[in-house]
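structure00.txt, holding compact mmCIF, C-alpha atoms:
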# COMPACT_ATOMS: atom_id res chain seq x y z
CA MET A 276 1.76 -60.02 -66.18
CA ASN A 277 -0.27 -57.30 -67.82
CA LYS A 278 1.20 -53.93 -66.54
CA LEU A 279 -1.00 -51.67 -68.65
CA PRO A 280 -3.78 -51.15 -66.01
CA LEU A 281 -1.16 -50.31 -63.34
CA ILE A 282 0.57 -47.74 -65.58
CA MET A 283 -2.74 -46.11 -66.41
CA THR A 284 -3.63 -45.89 -62.70
CA LEU A 285 -0.33 -44.16 -61.84
CA CYS A 286 -0.82 -41.69 -64.65
CA CYS A 287 -4.23 -40.79 -63.32
CA VAL A 288 -2.90 -40.21 -59.77
CA MET A 289 -0.04 -37.98 -60.97
CA GLY A 290 -2.46 -36.07 -63.09
CA SER A 291 -4.66 -35.37 -60.12
CA PHE A 292 -1.66 -33.89 -58.09
CA ALA A 293 -0.77 -31.77 -61.09
CA VAL A 294 -4.27 -30.44 -61.29
CA GLY A 295 -4.29 -29.73 -57.53
CA ALA A 296 -0.95 -27.93 -57.71
CA ALA A 297 -2.19 -25.74 -60.50
CA GLU A 298 -5.10 -24.42 -58.42
CA PRO A 299 -4.35 -20.89 -57.06
CA THR A 300 -4.07 -20.46 -53.26
CA PRO A 301 -4.12 -17.14 -51.41
CA ALA A 302 -0.55 -16.05 -50.79
CA ALA A 303 1.42 -12.98 -49.74
CA THR A 304 3.11 -10.86 -52.37
CA GLN A 305 5.79 -8.28 -51.67
CA PHE A 306 4.97 -5.13 -53.59
CA ALA A 307 7.35 -2.75 -51.81
CA ASP A 308 10.23 -2.84 -49.36
CA ARG A 309 9.15 -4.43 -46.03
CA VAL A 310 5.49 -4.61 -47.02
CA LEU A 311 3.28 -7.68 -47.30
CA ARG A 312 -0.08 -7.79 -49.02
CA TYR A 313 -2.62 -10.55 -48.40
CA PRO A 314 -5.80 -11.10 -50.38
CA PRO A 315 -9.07 -11.39 -48.46
CA GLY A 316 -9.41 -14.79 -46.83
CA ALA A 317 -5.70 -15.58 -46.92
CA PRO A 318 -4.97 -18.36 -44.43
CA GLN A 319 -1.99 -16.43 -43.03
CA LEU A 320 -4.33 -13.80 -41.58
CA SER A 321 -5.99 -16.37 -39.32
CA TYR A 322 -2.72 -16.78 -37.43
CA LEU A 323 -2.37 -13.09 -36.70
CA ASN A 324 -3.69 -11.02 -33.81
CA ILE A 325 -3.88 -7.33 -34.72
CA GLU A 326 -4.68 -4.68 -32.09
CA ALA A 327 -4.76 -0.91 -31.80
CA MET A 328 -2.11 0.46 -29.48
CA VAL A 329 -2.88 2.72 -26.54
CA VAL A 330 -0.79 5.37 -24.84
CA SER A 331 0.29 4.99 -21.21
CA PRO A 332 2.90 6.51 -18.86
CA VAL A 333 6.47 5.34 -19.44
CA PRO A 334 8.28 3.47 -16.62
CA VAL A 335 11.74 4.50 -15.54
CA LEU A 336 12.43 1.17 -13.83
CA GLU A 337 11.15 -2.37 -14.08
CA PRO A 338 8.43 -3.28 -11.56
CA GLN A 339 9.83 -3.47 -8.04
CA ASN A 340 8.72 -5.93 -5.38
CA GLY A 341 6.79 -3.98 -2.77
CA ARG A 342 4.52 -4.38 0.22
CA ILE A 343 1.32 -2.61 1.26
CA ALA A 344 1.21 -1.57 4.91
CA TYR A 345 -0.70 0.56 7.40
CA ASN A 346 -0.18 4.29 7.13
CA ASP A 347 1.62 4.84 10.43
CA ASP A 348 0.67 8.52 10.42
CA LEU A 349 -2.98 7.44 10.71
CA THR A 350 -2.59 4.26 12.78
CA ALA A 351 -2.71 3.61 16.51
CA ARG A 352 -1.59 0.35 18.11
CA VAL A 353 -3.41 0.22 21.42
CA PHE A 354 -1.67 -1.24 24.48
CA THR A 355 -2.95 -1.43 28.04
CA PRO A 356 -1.32 0.89 30.58
CA VAL A 357 -2.45 -1.35 33.45
CA ASP A 358 -2.49 -5.01 34.37
CA GLY A 359 -5.88 -6.66 34.59
CA ARG A 360 -8.48 -9.06 33.22
CA VAL A 361 -10.82 -8.36 30.30
CA THR A 362 -14.44 -8.38 31.44
CA ARG A 363 -16.16 -7.01 28.33
CA ILE A 364 -15.16 -6.27 24.74
CA VAL A 365 -16.96 -3.40 23.04
CA ALA A 366 -15.23 -3.04 19.67
CA LYS A 367 -14.65 -5.72 17.08
CA PRO A 368 -12.71 -5.69 13.78
CA GLY A 369 -14.49 -3.59 11.19
CA ASP A 370 -16.10 -1.22 13.70
CA ALA A 371 -15.67 2.51 13.19
CA VAL A 372 -14.69 4.25 16.43
CA ARG A 373 -14.19 7.82 17.59
CA GLN A 374 -11.42 9.07 19.79
CA GLY A 375 -12.30 8.29 23.41
CA ASP A 376 -14.73 5.47 22.67
CA PRO A 377 -14.25 2.42 24.95
CA LEU A 378 -12.78 -0.62 23.20
CA ALA A 379 -12.85 -3.00 26.18
CA TRP A 380 -13.41 -2.98 29.95
CA LEU A 381 -10.91 -4.43 32.43
CA GLU A 382 -10.87 -5.29 36.11
CA SER A 383 -7.55 -3.85 37.21
CA PRO A 384 -5.89 -3.56 40.63
CA ASP A 385 -3.64 -0.85 39.15
CA TYR A 386 -6.68 1.21 38.21
CA ILE A 387 -8.27 0.72 41.63
CA GLN A 388 -5.01 1.85 43.26
CA ALA A 389 -4.87 4.97 41.09
CA LEU A 390 -8.50 5.71 41.99
CA ALA A 391 -7.77 5.25 45.68
CA ASP A 392 -4.72 7.53 45.45
CA LEU A 393 -6.85 10.24 43.85
CA ASN A 394 -9.56 10.00 46.49
CA ASP A 395 -6.94 10.07 49.23
CA ALA A 396 -5.25 13.13 47.68
CA ARG A 397 -8.57 14.95 47.54
CA ALA A 398 -9.27 14.07 51.16
CA GLN A 399 -5.82 15.22 52.21
CA LEU A 400 -6.34 18.53 50.39
CA ARG A 401 -9.61 19.13 52.23
CA GLN A 402 -7.98 18.31 55.56
CA LYS A 403 -4.95 20.53 54.96
CA SER A 404 -7.19 23.36 53.80
CA ILE A 405 -9.14 23.20 57.06
CA GLU A 406 -5.91 23.11 59.06
CA ARG A 407 -4.54 26.12 57.19
CA ASP A 408 -7.71 28.11 57.85
CA ARG A 409 -7.58 27.20 61.54
CA ALA A 410 -3.91 28.12 61.76
CA ALA A 411 -4.61 31.46 60.07
CA ALA A 412 -7.30 32.28 62.63
CA LEU A 413 -5.07 31.28 65.56
CA TYR A 414 -2.14 33.23 64.17
CA LYS A 415 -4.34 36.31 63.75
CA GLY A 416 -5.38 35.98 67.40
CA GLU A 417 -1.73 35.62 68.36
CA VAL A 418 -2.38 32.16 69.78
CA ILE A 419 0.27 30.35 67.67
CA ALA A 420 3.64 31.41 66.34
CA ARG A 421 4.19 32.53 62.78
CA LYS A 422 6.23 29.42 62.01
CA ASP A 423 3.26 27.19 62.88
CA PHE A 424 1.08 29.15 60.49
CA GLU A 425 3.72 28.90 57.74
CA ALA A 426 3.98 25.13 58.31
CA ALA A 427 0.22 24.78 57.77
CA VAL A 428 0.48 26.80 54.55
CA PHE A 429 3.35 24.60 53.35
CA GLU A 430 1.42 21.40 54.07
CA LEU A 431 -1.56 22.74 52.11
CA GLU A 432 0.64 23.53 49.12
CA HIS A 433 2.14 20.05 49.35
CA ALA A 434 -1.35 18.52 49.36
CA GLN A 435 -2.29 20.57 46.30
CA GLU A 436 0.79 19.35 44.44
CA GLU A 437 0.07 15.75 45.41
CA LEU A 438 -3.49 16.12 44.12
CA ARG A 439 -2.20 17.40 40.79
CA ARG A 440 0.09 14.39 40.50
CA SER A 441 -2.72 11.99 41.42
CA GLU A 442 -5.09 13.61 38.94
CA ALA A 443 -2.48 13.40 36.18
CA ARG A 444 -1.90 9.69 36.84
CA PHE A 445 -5.62 8.96 37.00
CA ARG A 446 -6.43 11.12 33.95
CA HIS A 447 -4.10 8.87 31.96
CA LEU A 448 -6.45 5.99 32.84
CA ASN A 449 -9.72 7.92 33.04
CA PRO A 450 -9.71 11.17 30.98
CA LYS A 451 -12.91 12.44 32.61
CA LEU A 452 -11.64 11.85 36.17
CA ASP A 453 -14.86 9.96 36.89
CA THR A 454 -14.29 8.42 40.32
CA ARG A 455 -17.59 6.53 40.10
CA GLN A 456 -16.10 4.34 37.38
CA THR A 457 -14.53 1.35 39.13
CA SER A 458 -13.47 -0.59 36.00
CA PHE A 459 -10.82 0.52 33.57
CA ALA A 460 -11.94 1.41 30.03
CA LEU A 461 -9.38 0.87 27.29
CA ARG A 462 -10.25 3.72 24.92
CA ALA A 463 -9.58 4.55 21.27
CA PRO A 464 -6.79 7.16 21.01
CA ILE A 465 -7.80 8.24 17.48
CA ASP A 466 -10.71 8.14 15.05
CA GLY A 467 -10.61 5.20 12.66
CA VAL A 468 -11.59 1.61 12.01
CA VAL A 469 -10.64 -1.33 14.20
CA THR A 470 -8.67 -3.67 11.96
CA GLU A 471 -7.17 -6.03 14.55
CA ARG A 472 -8.17 -7.33 17.97
CA LYS A 473 -5.93 -9.64 19.99
CA ILE A 474 -7.98 -10.23 23.17
CA LEU A 475 -10.96 -12.31 24.27
CA PRO A 476 -13.27 -12.02 27.28
CA GLY A 477 -11.36 -13.20 30.36
CA THR A 478 -7.93 -12.57 28.86
CA GLU A 479 -5.28 -11.53 31.38
CA VAL A 480 -3.34 -8.54 30.08
CA ASP A 481 -0.34 -6.61 31.34
CA ASN A 482 1.40 -3.45 30.28
CA ALA A 483 4.70 -5.23 29.62
CA LYS A 484 3.46 -7.04 26.50
CA THR A 485 4.78 -5.81 23.16
CA GLU A 486 1.82 -6.98 21.08
CA PRO A 487 -1.02 -4.44 20.75
CA LEU A 488 -4.48 -5.39 21.94
CA PHE A 489 -6.16 -3.38 19.16
CA VAL A 490 -5.06 -1.72 15.94
CA ILE A 491 -7.02 1.31 14.74
CA THR A 492 -6.33 2.94 11.40
CA ASP A 493 -7.79 4.69 8.38
CA PRO A 494 -8.00 1.83 5.83
CA THR A 495 -8.71 4.25 2.97
CA ARG A 496 -5.14 5.56 3.10
CA LEU A 497 -2.29 3.05 3.07
CA TRP A 498 1.45 2.97 2.44
CA VAL A 499 3.20 1.01 -0.28
CA SER A 500 6.97 0.67 -0.04
CA PHE A 501 9.79 -1.05 -1.86
CA GLU A 502 13.56 -1.28 -1.65
CA LEU A 503 15.49 0.58 -4.34
CA ALA A 504 18.91 -0.52 -5.54
CA GLU A 505 21.68 1.95 -4.85
CA LYS A 506 22.49 2.31 -8.55
CA ASP A 507 18.93 3.53 -9.31
CA VAL A 508 18.70 6.26 -6.66
CA GLY A 509 19.23 9.03 -9.21
CA LYS A 510 16.20 7.93 -11.24
CA LEU A 511 13.62 8.76 -8.55
CA HIS A 512 12.55 11.92 -6.76
CA LEU A 513 9.86 13.01 -4.30
CA GLY A 514 6.46 13.48 -5.94
CA GLN A 515 7.24 11.07 -8.78
CA PRO A 516 4.23 8.97 -9.86
CA VAL A 517 4.20 5.20 -9.46
CA ALA A 518 1.85 2.48 -10.67
CA VAL A 519 0.94 -0.24 -8.17
CA SER A 520 -0.46 -3.65 -9.06
CA VAL A 521 -1.43 -6.63 -6.89
CA GLU A 522 -2.26 -10.23 -7.71
CA ALA A 523 -5.80 -9.84 -6.41
CA TYR A 524 -6.63 -7.32 -9.18
CA PRO A 525 -4.26 -8.17 -12.07
CA ASP A 526 -6.09 -5.97 -14.59
CA GLN A 527 -6.11 -2.83 -12.46
CA ALA A 528 -3.29 -0.38 -11.74
CA PHE A 529 -3.43 1.86 -8.67
CA THR A 530 -1.59 5.17 -8.75
CA ALA A 531 0.38 6.99 -6.09
CA ARG A 532 3.27 9.42 -5.68
CA ILE A 533 6.56 8.96 -3.88
CA ASP A 534 6.53 10.87 -0.58
CA PHE A 535 9.56 9.35 1.14
CA ILE A 536 13.02 8.26 0.02
CA SER A 537 15.29 7.02 2.78
CA ASP A 538 18.49 8.96 3.42
CA VAL A 539 20.32 5.80 4.49
CA VAL A 540 21.45 2.87 2.34
CA ASP A 541 21.33 -0.53 4.05
CA PRO A 542 24.99 -1.60 4.30
CA THR A 543 24.09 -5.25 3.76
CA THR A 544 21.64 -5.12 0.85
CA ARG A 545 22.88 -1.84 -0.66
CA ARG A 546 19.26 -0.75 -0.97
CA LEU A 547 17.12 2.01 0.51
CA VAL A 548 13.40 2.29 1.26
CA VAL A 549 11.04 4.22 -1.02
CA ARG A 550 7.45 4.82 0.11
CA SER A 551 4.23 6.23 -1.32
CA GLU A 552 0.83 7.00 0.19
CA LEU A 553 -1.87 5.00 -1.56
CA ASP A 554 -5.51 6.07 -1.71
CA ASN A 555 -7.83 3.13 -1.07
CA PRO A 556 -11.36 4.57 -1.00
CA GLU A 557 -13.07 1.24 -1.72
CA ARG A 558 -10.84 -0.61 0.77
CA ARG A 559 -9.93 -3.23 -1.80
CA LEU A 560 -6.26 -3.19 -0.91
CA LYS A 561 -5.22 -4.78 2.38
CA PRO A 562 -2.17 -4.27 4.58
CA GLU A 563 0.55 -6.90 4.08
CA MET A 564 -0.43 -7.54 0.44
CA TYR A 565 2.51 -8.02 -1.89
CA ALA A 566 2.64 -5.51 -4.73
CA LYS A 567 4.55 -4.60 -7.87
CA VAL A 568 5.53 -0.93 -7.86
CA THR A 569 6.58 0.69 -11.14
CA PRO A 570 8.08 4.21 -10.99
CA LEU A 571 6.88 6.29 -13.95
CA ALA A 572 8.38 9.15 -15.93
CA GLU A 573 6.80 12.47 -15.03
CA GLY A 574 4.37 13.64 -17.74
CA GLN A 575 5.57 11.23 -20.44
CA SER A 576 3.13 8.86 -22.19
CA LEU A 577 3.93 6.72 -25.24
CA PRO A 578 2.39 3.81 -27.17
CA ARG A 579 2.61 0.58 -25.17
CA VAL A 580 3.18 -2.68 -27.05
CA PRO A 581 3.52 -6.30 -25.90
CA ASN A 582 6.96 -7.79 -26.41
CA THR A 583 5.42 -10.53 -28.57
CA ALA A 584 4.97 -7.83 -31.23
CA LEU A 585 8.69 -6.98 -31.37
CA VAL A 586 11.20 -8.41 -33.82
CA THR A 587 14.85 -7.77 -33.04
CA GLU A 588 17.53 -7.90 -35.71
CA GLY A 589 20.94 -6.95 -34.40
CA VAL A 590 20.60 -3.57 -32.72
CA LYS A 591 17.37 -2.72 -34.55
CA THR A 592 13.80 -3.35 -33.44
CA PHE A 593 10.81 -3.77 -35.76
CA LEU A 594 7.01 -3.96 -35.57
CA PHE A 595 4.51 -5.12 -38.16
CA VAL A 596 1.95 -2.34 -38.64
CA GLU A 597 -1.35 -2.79 -40.47
CA ARG A 598 -1.69 -0.01 -43.03
CA GLU A 599 -5.08 -1.26 -44.17
CA PRO A 600 -6.82 -4.64 -44.11
CA GLY A 601 -4.46 -7.16 -45.69
CA VAL A 602 -1.55 -4.70 -46.06
CA ILE A 603 1.12 -5.06 -43.35
CA GLU A 604 4.33 -3.05 -43.11
CA LYS A 605 7.49 -4.04 -41.29
CA ARG A 606 8.54 -0.83 -39.56
CA GLU A 607 11.64 0.04 -37.56
CA VAL A 608 10.95 1.63 -34.18
CA ARG A 609 12.92 2.99 -31.24
CA LEU A 610 12.00 1.99 -27.70
CA ALA A 611 11.92 4.32 -24.72
CA PHE A 612 11.71 1.45 -22.24
CA ARG A 613 11.66 -2.32 -22.59
CA GLY A 614 10.17 -4.30 -19.75
CA PRO A 615 9.87 -8.05 -19.22
CA ALA A 616 6.48 -8.28 -20.96
CA THR A 617 5.70 -4.82 -22.32
CA SER A 618 7.63 -2.05 -24.04
CA TRP A 619 7.05 1.63 -24.84
CA VAL A 620 7.77 2.99 -28.33
CA LYS A 621 9.58 6.31 -28.51
CA GLU A 622 9.72 6.69 -32.31
CA GLY A 623 8.08 4.96 -35.27
CA LEU A 624 4.57 4.33 -33.95
CA LYS A 625 1.58 6.53 -33.23
CA ALA A 626 -1.17 5.96 -30.73
CA GLY A 627 -4.10 4.11 -32.24
CA GLU A 628 -2.13 2.42 -35.03
CA ARG A 629 -2.84 -1.27 -35.36
CA ILE A 630 0.05 -3.68 -34.98
CA VAL A 631 0.50 -7.44 -35.11
CA THR A 632 0.78 -8.63 -31.51
CA THR A 633 0.77 -12.35 -32.29
CA GLY A 634 2.45 -13.83 -35.37
CA ALA A 635 5.15 -11.20 -35.92
CA LEU A 636 7.89 -13.81 -36.18
CA LEU A 637 5.92 -15.76 -38.81
CA LEU A 638 5.50 -12.60 -40.88
CA ASN A 639 9.18 -11.81 -40.56
CA ALA A 640 10.12 -15.30 -41.73
CA GLU A 641 7.78 -15.02 -44.73
CA LEU A 642 9.12 -11.59 -45.63
CA SER A 643 12.70 -12.82 -45.36
CA GLY A 644 11.88 -15.82 -47.55
CA GLN A 645 10.51 -13.62 -50.30

What's the C-alpha cells form of this structure?
Amino acid sequence: MNKLPLIMTLCCVMGSFAVGAAEPTPAATQFADRVLRYPPGAPQLSYLNIEAMVVSPVPVLEPQNGRIAYNDDLTARVFTPVDGRVTRIVAKPGDAVRQGDPLAWLESPDYIQALADLNDARAQLRQKSIERDRAAALYKGEVIARKDFEAAVFELEHAQEELRRSEARFRHLNPKLDTRQTSFALRAPIDGVVTERKILPGTEVDNAKTEPLFVITDPTRLWVSFELAEKDVGKLHLGQPVAVSVEAYPDQAFTARIDFISDVVDPTTRRLVVRSELDNPERRLKPEMYAKVTPLAEGQSLPRVPNTALVTEGVKTFLFVEREPGVIEKREVRLAFRGPATSWVKEGLKAGERIVTTGALLLNAELSGQ
C-alpha cells in the first residue's frame, strides 16, 4: 500500500495548526503588581461589566422586614353609637370628607328615643318654669307656705339638670341639636379620606360590633414599623434615618426617620417595635404593604458596590478598578458594611471610580495564573 500520500496529508494538517498557533491573539500582560493590561479589542473585555460607583448612606443593619400601616394619630375608625338600619350611604372609599360631614343615614329607634327624651325634657322645663313663677306669685301674696315655693324652685332646678343631661346625650348623636332631624347621621369625626367602608344600604348595624363601619385617614402620612432584635437595640436612636423599599417599586427608596422605639421587649420573640412616619404625598404606598426597612448611619455616605464585584482572600477584600481603558488594578479595600447583595467601601475606593462589577473572579483567576 502506498503510504506517501497519507504522510503528506498529515504533514499539511500539522503545518496548518502550527501556523494557527503562531498567530498573535490579544492577551493580558502583567506589567506591575496586581495590574492587568489588555490591548484594544481583547476578548476578555467582552466578559466584563465596568461601572462608576456612586455614594449612598451607609446602613447600620441589614434590611428588616416591616409593614406599612395607617398613621393612628391621623386615623379615625368610625363605629355607630346606636342600633339601626342603613337607609342611605353618602361617602364612598376615596372621598375626601370634612369633620362633621354625614357618612351614612340610619333609621334608629335609639336615636328616636333620645330625640323624644330631649323634647320631653324641654317640655318639662317649660312646665316647671311656669309652676315656679306661679308659686312665687302665691308666696308673695302669702297664699302658700314658703316650703311650697321652695319645692317649686327645686323641681325647676331638677328639670334644668335633666334637660342638660338630655341635651348632652342627644348632642352625641346630633351635634347641632336639630330636633327636626328624625334620622341619625353617622358623621366624620375628623378631616381626611375615606379608605374603607364596611356597610351597604339596608345593613343592620349595632353599637356592639367591633368592626368599624368606616375608616378615615390622611393617606399622605403613613407609619412603617418593624421588630428589632434585642441585641441591636443600641444601634438605633430616635430621629435616625431609615430607607424603606417595597416590592411594588423595587427601584425606589423612600426615606423616613425613627420616631418611636418601644420601651418593652416582647418576652417571647425578644424583639421590640420600631416605627417611623412615612411621607406619601403621591399616595403610592398603601397600608398593609410589606416593606424592607434599612436603618442608616447618621450623616455617613460611602461608595456602594455590588457584592459581585468583591473578591475575598482570607481576611482581605479586593476590587478590580479600571485605571484607564484596558488597564485594571486589583485593589485591597476595607468595608464599612456588607449586606446580602450590596456593600459599602470605607477605604480604598473613591466615588466615581469605575470598578468591575461582573467578571471579577475571572480577572482574579487570570492574575493568579500569571

Would you give me, as JSON lines, each residue of region 298-394 of chain A having an atom within 8 Å of an atom of region 437-449 of chain A, along with its shortest atom pair and that distance in Å to one decimal, using all atoms listed in the file and sorting by chain and residue number?
{"residue": "A:Pro356", "atom": "CA", "partner": "A:Leu448", "partner_atom": "CA", "distance": 7.6}
{"residue": "A:Tyr386", "atom": "CA", "partner": "A:Leu448", "partner_atom": "CA", "distance": 7.2}
{"residue": "A:Ala389", "atom": "CA", "partner": "A:Phe445", "partner_atom": "CA", "distance": 5.8}
{"residue": "A:Leu390", "atom": "CA", "partner": "A:Phe445", "partner_atom": "CA", "distance": 6.6}
{"residue": "A:Asp392", "atom": "CA", "partner": "A:Ser441", "partner_atom": "CA", "distance": 6.3}
{"residue": "A:Leu393", "atom": "CA", "partner": "A:Ser441", "partner_atom": "CA", "distance": 5.1}

Problem set entry | Atom pair CA of Arg532 (chain A) / CA of Leu513 (chain A): separation (Å) | 7.6 Å

Problem set entry | Test item: residues at most 10 Å from Glu573 (chain A), all atoms listed in the file, excluding those fewer than 5 positions along its chain, as a PyMOL selection string | chain A and resi 332-335+514-517

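For the atom pair formed by CA of Asp376 (chain A) and CA of Thr454 (chain A), the distance is 17.9 Å, given to one decimal.
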
For this session: Show which residues sit within 12 Å of Ile533 (chain A), as a list of chain:residue names. Count only C-alpha atoms, and ignore same-chain residues fewer than 6 positions away.
Result: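 Using only C-alpha atoms, the neighbours found are A:Trp498, A:Val499, A:Ser500, A:Phe501, A:Leu511, A:His512, A:Leu513, A:Gly514, A:Gln515, A:Pro516, A:Val517, A:Ala518, A:Val519, A:Val548, A:Val549, A:Arg550, A:Ser551, A:Glu552, A:Leu553, A:Val568, A:Thr569, A:Pro570, A:Leu571, A:Glu573.
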
Let me see the file: selected residues, C-alpha atoms, as a short mmCIF file (atom, residue, chain, number, x, y, z; two decimals), in the coordinates of the input.
data_model
loop_
_atom_site.label_atom_id
_atom_site.label_comp_id
_atom_site.auth_asym_id
_atom_site.auth_seq_id
_atom_site.Cartn_x
_atom_site.Cartn_y
_atom_site.Cartn_z
CA TRP A 498 1.45 2.97 2.44
CA VAL A 499 3.20 1.01 -0.28
CA SER A 500 6.97 0.67 -0.04
CA PHE A 501 9.79 -1.05 -1.86
CA LEU A 511 13.62 8.76 -8.55
CA HIS A 512 12.55 11.92 -6.76
CA LEU A 513 9.86 13.01 -4.30
CA GLY A 514 6.46 13.48 -5.94
CA GLN A 515 7.24 11.07 -8.78
CA PRO A 516 4.23 8.97 -9.86
CA VAL A 517 4.20 5.20 -9.46
CA ALA A 518 1.85 2.48 -10.67
CA VAL A 519 0.94 -0.24 -8.17
CA VAL A 548 13.40 2.29 1.26
CA VAL A 549 11.04 4.22 -1.02
CA ARG A 550 7.45 4.82 0.11
CA SER A 551 4.23 6.23 -1.32
CA GLU A 552 0.83 7.00 0.19
CA LEU A 553 -1.87 5.00 -1.56
CA VAL A 568 5.53 -0.93 -7.86
CA THR A 569 6.58 0.69 -11.14
CA PRO A 570 8.08 4.21 -10.99
CA LEU A 571 6.88 6.29 -13.95
CA GLU A 573 6.80 12.47 -15.03
#

Problem set entry | Residues within 10 Å of region 638-645 of chain A, all atoms listed in the file, excluding chain neighbours under 5 positions, as a ChimeraX atom specification | /A:303-305,308-311,319-320,322-323,586,593-595,603-605,631,633

Problem set entry | Atom pair CA of Phe429 (chain A) / CA of Arg397 (chain A): separation (Å) | 16.4 Å

Problem set entry | Pick from A:Asp481, A:Glu406, A:Glu471, A:Glu382, whichever lies nearest to Ser458 (chain A) using only C-alpha atoms | A:Glu382

For this session: Could you give me, as a PyMOL selection string, the residues that sit within 10 Å of (-5.6, -6.6, 22.4) in the file's coordinates, counting only C-alpha atoms?
Result: chain A and resi 352-355+361+364+378-379+461+471-475+478+480+484+486-490

For this session: Might you pull out every residue within 12 Å of Lys625 (chain A), with all atoms listed in the file counted and same-chain residues fewer than 5 positions away left off, and present them as a ChimeraX atom specification?
Result: /A:327-330,576-580,596,606,608,619-620,630

Problem set entry | Shell around Met564 (chain A) at 12 Å using only C-alpha atoms, local window under 5 positions removed, as a list in words |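 Listed by chain and then number, they are Asn340, Gly341, Arg342, Ile343, Ala344, Tyr345, Leu497, Trp498, Val499, Ser500, Val519, Ser520, Val521, Glu522, Ala523, Tyr524 and Arg559 of chain A.
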
Problem set entry | Nearest residue to Asp466 (chain A) from the set A:Gly509, A:Pro581, A:Gly375, A:Pro556 (distances using all atoms listed in the file) |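 Using all atoms listed in the file, the shortest distance to Asp466 (chain A) belongs to A:Gly375.
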
Region 603-608 of chain A: axis-aligned bounding box, 5 Å on each side, centre and edge lengths in Å, one decimal, as AutoDock Vina command-line options:
--center_x 6.4 --center_y -1.7 --center_z -38.8 --size_x 20.5 --size_y 16.7 --size_z 19.2

Problem set entry | Using all atoms listed in the file: which of A:Asp423, A:Glu432, A:Thr457, A:Val418 has the shortest distance to Gln388 (chain A) |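 Among A:Asp423, A:Glu432, A:Thr457, A:Val418, it is A:Thr457 that comes nearest to Gln388 (chain A).
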
Exercise. Looking at all atoms listed in the file, which of A:Gln339, A:Thr583, A:Asn394, A:Lys451 is the one that sits closest to Gly634 (chain A)?
Worked result: A:Thr583
